[in-house]
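Here's the structure we're looking at; comments come further down.
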Amino acid sequence: MLPKIPIENLYYLLCYAWDVNDQLNKVKVDGKNYHSLENLLATVLVMACERLLRIGLVQEYLFEEFEVNGIRGKLNLEETLKRWLYVRGKTICQIDELTSDVLINQVIFSTLKRLVKLVSLDEEIRQRVRKTMRKFPHMREVDVVINTFERIKLNRNNRFYALVLNVCKLIWQSTLPNKRHEGKYEFIDFTEDDFQMNVIFERFLMNFCKQHCKTEYQEVHREYIEFKLTPFGMMFKESGDALPMMETDITLYNSIAQKKHILDAKFYREAFVSKYGGRKKVRREHLSQILSYILNQENPQKAYTLNANGTLVYPTVTEDIDFSYHYNGSSHDIYVRTVNLNQTWQKIEERIKQIIK
């Protein structure tokens, strides 16, 4: 896909991929007003932080030891005696203090500080980031790595943090130290990374189907499929252990109608390929993959597996393509479909529902 996906649509795509699309109305931005991803992400983060500050930051009890007059909290007798504090009427006590200076808020605050140092950020948005930072209570800055986000556990009470933390994670993944300006950072356009965009598109499609295709398919999940190969020979056991397992991107199943449909999400800049400037064709390896899923999932004891269908789904920023094929000698249909991301979100939703049906 040579042209860019419109920024506003990319934001919708991300929210579905993060499974936080229910937050879209709470932090809604007009992507047409932003000419770059970093400005969009910074604005989303600022707006989300403003909402967090209004409803109140998450607080936790932290246990710390203090030297106090008398006794307050849990007495550390050993340390008090060791330091002879009791002769002055003092003790060492462990006190539980309710504070918002905890990891989940420290990560957000540290991300805001990183954004301020982003060279390509518009000055107006930089000032908005600074203004939001000043509204935070005293907060320690932390060094954020990918594992930092794994240490943060979300629950029903702090559900809104899911959007904020995903934006923070993407900002940290997409910023590197600037070689020309010490202490500054530069933004790396993650949409140029085909692998990362493929993951985003795949998760978007999965979560979209879970939320909007329940009428057609009640079950939406990944599926593990074994190759229909039977090992034999001298190295019988080793041959069996060497077989890989196939994993679908999305398997749709309707237990009432006994229908099964496998979707394979493919994010490629060029959905189709051509040799020597000839006619563009569907990628051979992609057709082989979807056919392999369909043929190896067959189980004579489960009739719906014998007429399961498969679809390759590509995003584009041009026209939509609808190719349909029947696999010879079977009841399987194979489809090649594209989703034009360069149109209104309503039309994008309609197109995906059309592909599913």
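Going by the structure tokens order, chains are called A, B, ..., each with residues numbered from 1, while ligands are numbered from 1 in the order shown.
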Residues flagged strand (DSSP E or B) by DSSP in region 84-265 of chain A, as an MDAnalysis selection string: chainID A and resid 90:99 118 175:177 185:187 219:221 224:226 245:247 250:254 259:265
Exercise: region 158-175 of chain A partners within 7 Å, only C-alpha atoms, chain neighbours under 6 positions left out, as a ChimeraX atom specification: /A:20,41,45,48,108,111,185-190
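The smallest atom-to-atom distance between Leu341 (chain A) and any of A:Leu13, A:Val317, A:Val68, A:Val29, using only C-alpha atoms, is found for A:Val317.
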Residue with the minimum atom-to-atom distance to Glu8 (chain A), picked from A:His35, A:Arg130, A:His332, A:Lys26 with only C-alpha atoms counted, is A:His35
Spatial neighbours of Pro244 (chain A), max dist 12 Å, only C-alpha atoms, sep filter under 5 positions, as a ChimeraX atom specification: /A:224-229,239
Take the residues that were just selected and, keeping C-alpha atoms, output them as a CSV table (one decimal), in the first residue's frame.
chain,number,residue,atom,x,y,z
A,224,TYR,CA,-4.6,-24.9,15.8
A,225,ILE,CA,-4.6,-27.3,12.9
A,226,GLU,CA,-2.4,-30.4,12.5
A,227,PHE,CA,-0.9,-31.4,9.1
A,228,LYS,CA,-2.5,-34.6,7.8
A,229,LEU,CA,0.7,-36.4,7.6
A,239,SER,CA,9.3,-37.5,12.3
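Going from CA of Lys281 (chain A) over to CA of Lys357 (chain A), you cover 24.6 Å.
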